[in-house]
Amino acid sequence: MTRVTEWVSGLGHVVNEKIARLGFAARFFVMLLVYSGQSFRRFPLTIREIYFSGVLSLLIILVSGLFVGLVLGLQGYETLQRYGSADALGVLVALSLTRELGPVVAALLFASRAGSSVTAEIGLMKATEQLTAMDMMAVNPMARVVAPRFWGGVISMPLLAAMFSAMGVFGGYLIGVVFIGVDDGAFWSQMQSSVDFRQDIINGVIKSFVFGVAVSLIAVFEGYDSTPTAEGVSRAITRTVVTSALAILALDFVLTSFMFRGL
Amino acid sequence: MSDSGSLVKISGLNFSYDERPVLRGIDMDIPRGKVIAIMGGSGCGKTTLLRLIGGQLKPTHGEVQVAGHAVDRMGHDELYALRRRMGMLFQFGALFTDMSVFDNVAYPLREHTSLSEELIRDITLMKLSAVGLRGAEALMPGALSGGMARRVALARAIALDPLLIMYDEPFTGLDPISLGVIGQLIRRLNDALGATSIMVTHDIHESLAIVDYIYFMSGGRVVAQGTPDEIRASKDPFVHQFVYAEADGPVPFHYPAPPFGKELLGKGAV
């Protein structure tokens, strides 16, 4: 009986802790928005973070986009030609990328490349008392450190996803048209007539924006809330990558079900 | 306004982390212009006391007044206005690792003043020169030794000519030369700036040489206090143990545990 009580009380404790942390994260998000105004008044701070999170992630995003596009081209052609619709390869590649793969894969890569480094940076600043020192100098770390990193990520994410998709389409073109010999005109014209700007492109951009908010919030929160030790920071980085990946995939399902419900 | 002679006045201060009491009934009066040391073993609540003075923590009971204002009752803006007049040196310097030595020292000036870049440069170089590191202005914090980092952090702490300078373990992990340099700087800068300094440390010999008054803390209480001469002459067993670094005394060598014999013969004994 005691064992059962202990187990239930242990479970309750864990659930309580998780809910309290979620509550803290929500309050943290509100504070972040409150101090964003201050941080926007010094926009160069955010531009610096766009460079670190966005520009420095370009290589991995572009190379991955290219490979995903190459694979889509190969797989798509292999299936489509069975039904004599190889000309629709451009449509397949473009729709897969703009609706799903572009936002989702770019966000997963962004979480691993930029999210983890933001968590590590803020976590180490906390562990080495840099955040406390800033606060003692009457400089608010939320406005000076956290908000610029958050907005840097939010602004970078849709741009990276767009570049990922563009690179992927180019990859599909390389395989389909240049190597396999699908008709050039059919590839582009079918793509042009089937891809809808609002339905496909804008929805993709909305998705990548939402993923950008989720990943950046998780990254700055995990860093700010990390235990200030080497082990604590390493755990926080792991949590950033794992939680971001789960959040991206879950949000993708929710957003897709709203956006494409009539199809 | 409280006693005009004291800059910091602590009365009946209690503080608990969750339910665990850390400070119990602390009373201190820190006069303007003096260098005060707060000493005691690790974990006795010294650093917590500094954080309470800086307004980073709020007392459970009692009050901390700085320049006549109760720190825990201040709003965010008021507290930040007060902190602009406080400098704090952290245990390992807490320099911003993505900025050069020059930018670290110039940081408070750039954040809180509208001085021209030329003037900021002059002031920064003066502060760096005061700690003997004008030549190191272009270095990054990673390239500094522990003692140099501490001196740069000191230059940053005094960048805005503070009223109150707080030092959290300024001597930890320094070689004897760096230790002497930091000690002398603390005294000289305090007198030159007309500031008041509070130093939390457990380095007894360096402290006795430079401070005006010492408070000893143990178990969250002030257990002894006096001028360096009074401390040297003290017969108090705790002060004696601390000054002469004795392993056992009022501060026990052993962490509280059940009787050893009972444990050896208890569960698991063969």
# chains A, B, ... in the order shown; residues from 1 in each chain; ligands from 1
>>> closest_atom_pairs(of="chain A", to="chain B", cutoff="12 Å", atoms="only C-alpha atoms", output="CSV")
residue,atom,partner,partner_atom,distance
A:Arg42,CA,B:Glu111,CA,11.0
A:Glu121,CA,B:Thr97,CA,10.2
A:Ile122,CA,B:Phe96,CA,11.6
A:Leu124,CA,B:Thr97,CA,10.0
A:Met125,CA,B:Phe96,CA,8.0
A:Lys126,CA,B:Ala94,CA,9.5
A:Ala127,CA,B:Ala94,CA,9.4
A:Thr128,CA,B:Ala94,CA,5.8
A:Glu129,CA,B:Ala94,CA,5.4
A:Gln130,CA,B:Ala94,CA,4.9
A:Leu131,CA,B:Ala94,CA,8.5
A:Thr132,CA,B:Ala94,CA,8.5
A:Ala133,CA,B:Ala94,CA,6.5
A:Met134,CA,B:Pro108,CA,9.0
A:Asp135,CA,B:Tyr80,CA,8.4
A:Met136,CA,B:Arg83,CA,6.1
A:Met137,CA,B:Arg83,CA,6.1
A:Ala138,CA,B:Tyr80,CA,4.7
A:Val139,CA,B:Glu111,CA,7.4
A:Asn140,CA,B:Tyr80,CA,9.0
A:Arg144,CA,B:Glu111,CA,10.2
A:Val145,CA,B:Phe96,CA,11.4
>>> write_last_selection(atoms="N, CA and C atoms", output="compact mmCIF listing (two decimals), in the first residue's frame")
# COMPACT_ATOMS: atom_id res chain seq x y z
N ARG A 42 17.07 49.20 -29.93
CA ARG A 42 18.49 49.04 -30.30
C ARG A 42 18.57 47.86 -31.26
N GLU A 121 24.81 29.41 -25.22
CA GLU A 121 25.36 30.73 -24.94
C GLU A 121 24.70 31.35 -23.70
N ILE A 122 23.35 31.32 -23.68
CA ILE A 122 22.65 31.94 -22.54
C ILE A 122 22.94 31.14 -21.27
N LEU A 124 25.61 29.37 -20.53
CA LEU A 124 26.96 29.63 -20.04
C LEU A 124 27.09 31.05 -19.49
N MET A 125 26.36 31.98 -20.08
CA MET A 125 26.37 33.35 -19.53
C MET A 125 25.79 33.34 -18.12
N LYS A 126 24.78 32.48 -17.92
CA LYS A 126 24.19 32.38 -16.59
C LYS A 126 25.18 31.71 -15.63
N ALA A 127 25.80 30.61 -16.10
CA ALA A 127 26.71 29.86 -15.24
C ALA A 127 27.93 30.71 -14.84
N THR A 128 28.37 31.61 -15.72
CA THR A 128 29.54 32.43 -15.39
C THR A 128 29.11 33.79 -14.82
N GLU A 129 27.89 33.87 -14.36
CA GLU A 129 27.35 35.06 -13.68
C GLU A 129 27.29 36.30 -14.55
N GLN A 130 27.40 36.13 -15.89
CA GLN A 130 27.36 37.32 -16.75
C GLN A 130 25.97 37.97 -16.72
N LEU A 131 24.91 37.12 -16.63
CA LEU A 131 23.56 37.68 -16.59
C LEU A 131 23.32 38.43 -15.28
N THR A 132 23.82 37.85 -14.18
CA THR A 132 23.69 38.53 -12.88
C THR A 132 24.46 39.83 -12.90
N ALA A 133 25.68 39.79 -13.48
CA ALA A 133 26.51 41.01 -13.53
C ALA A 133 25.77 42.10 -14.31
N MET A 134 25.14 41.71 -15.40
CA MET A 134 24.41 42.67 -16.22
C MET A 134 23.26 43.28 -15.41
N ASP A 135 22.54 42.41 -14.71
CA ASP A 135 21.41 42.87 -13.90
C ASP A 135 21.90 43.81 -12.80
N MET A 136 23.06 43.50 -12.22
CA MET A 136 23.61 44.36 -11.17
C MET A 136 24.11 45.69 -11.74
N MET A 137 24.36 45.71 -13.05
CA MET A 137 24.77 46.97 -13.69
C MET A 137 23.54 47.73 -14.18
N ALA A 138 22.36 47.31 -13.73
CA ALA A 138 21.10 47.96 -14.11
C ALA A 138 20.84 47.85 -15.61
N VAL A 139 21.29 46.73 -16.20
CA VAL A 139 20.97 46.45 -17.60
C VAL A 139 20.12 45.18 -17.59
N ASN A 140 18.92 45.25 -18.15
CA ASN A 140 18.02 44.11 -18.04
C ASN A 140 18.42 42.99 -19.02
N ARG A 144 18.40 42.86 -23.11
CA ARG A 144 19.71 42.97 -23.74
C ARG A 144 20.19 41.66 -24.36
N VAL A 145 19.84 40.52 -23.72
CA VAL A 145 20.36 39.22 -24.17
C VAL A 145 19.26 38.34 -24.77
>>> residues_around(residues="Phe170 of chain A", least_positions_apart="6", cutoff="12 Å", atoms="only C-alpha atoms", output="VMD selection string")
chain A and resid 62 to 63 65 to 73 90 93 to 94 97 163 to 164 176 to 178 187 to 188
>>> write_last_selection(atoms="C-alpha atoms", output="PDB file, in the first residue's frame")
ATOM      1  CA  LEU A  62      21.310  25.238 -48.475  1.00  0.00           C
ATOM      2  CA  VAL A  63      23.226  21.969 -48.690  1.00  0.00           C
ATOM      3  CA  GLY A  65      17.820  21.703 -49.221  1.00  0.00           C
ATOM      4  CA  LEU A  66      19.770  20.674 -52.293  1.00  0.00           C
ATOM      5  CA  PHE A  67      20.031  17.047 -51.206  1.00  0.00           C
ATOM      6  CA  VAL A  68      16.374  16.843 -50.199  1.00  0.00           C
ATOM      7  CA  GLY A  69      15.460  18.245 -53.631  1.00  0.00           C
ATOM      8  CA  LEU A  70      17.742  15.717 -55.388  1.00  0.00           C
ATOM      9  CA  VAL A  71      16.138  12.831 -53.512  1.00  0.00           C
ATOM     10  CA  LEU A  72      12.622  14.147 -54.167  1.00  0.00           C
ATOM     11  CA  GLY A  73      13.490  14.407 -57.856  1.00  0.00           C
ATOM     12  CA  GLY A  90       7.968  19.992 -60.868  1.00  0.00           C
ATOM     13  CA  VAL A  93       8.790  18.706 -55.838  1.00  0.00           C
ATOM     14  CA  ALA A  94       7.495  22.256 -55.339  1.00  0.00           C
ATOM     15  CA  LEU A  97       8.815  21.519 -50.328  1.00  0.00           C
ATOM     16  CA  MET A 163      15.867  29.331 -49.131  1.00  0.00           C
ATOM     17  CA  PHE A 164      15.642  25.650 -48.245  1.00  0.00           C
ATOM     18  CA  GLY A 176      14.589  15.698 -63.245  1.00  0.00           C
ATOM     19  CA  VAL A 177      15.450  17.996 -66.143  1.00  0.00           C
ATOM     20  CA  VAL A 178      19.230  18.056 -66.395  1.00  0.00           C
ATOM     21  CA  PHE A 187       8.527  21.030 -65.358  1.00  0.00           C
ATOM     22  CA  TRP A 188       8.231  24.790 -64.808  1.00  0.00           C
TER      23      TRP A 188
END
>>> residues_around(residues="segment 154-161 of chain A", least_positions_apart="4", cutoff="10 Å", atoms="only C-alpha atoms", output="VMD selection string")
chain A and resid 46 to 47 49 to 55 57 to 58 61 to 62 65 97 to 98 101 to 107 109 to 111 148 to 150 165 to 167 204 to 217
>>> select_by_dssp(residues="segment 67-176 of chain B", states="strand (DSSP E or B)", output="number ranges by chain")
B: 69-70, 86-89, 164-168
>>> atom_distance(atom1="atom CA of Gly12 of chain A", atom2="atom CA of Arg20 of chain B")
23.1 Å
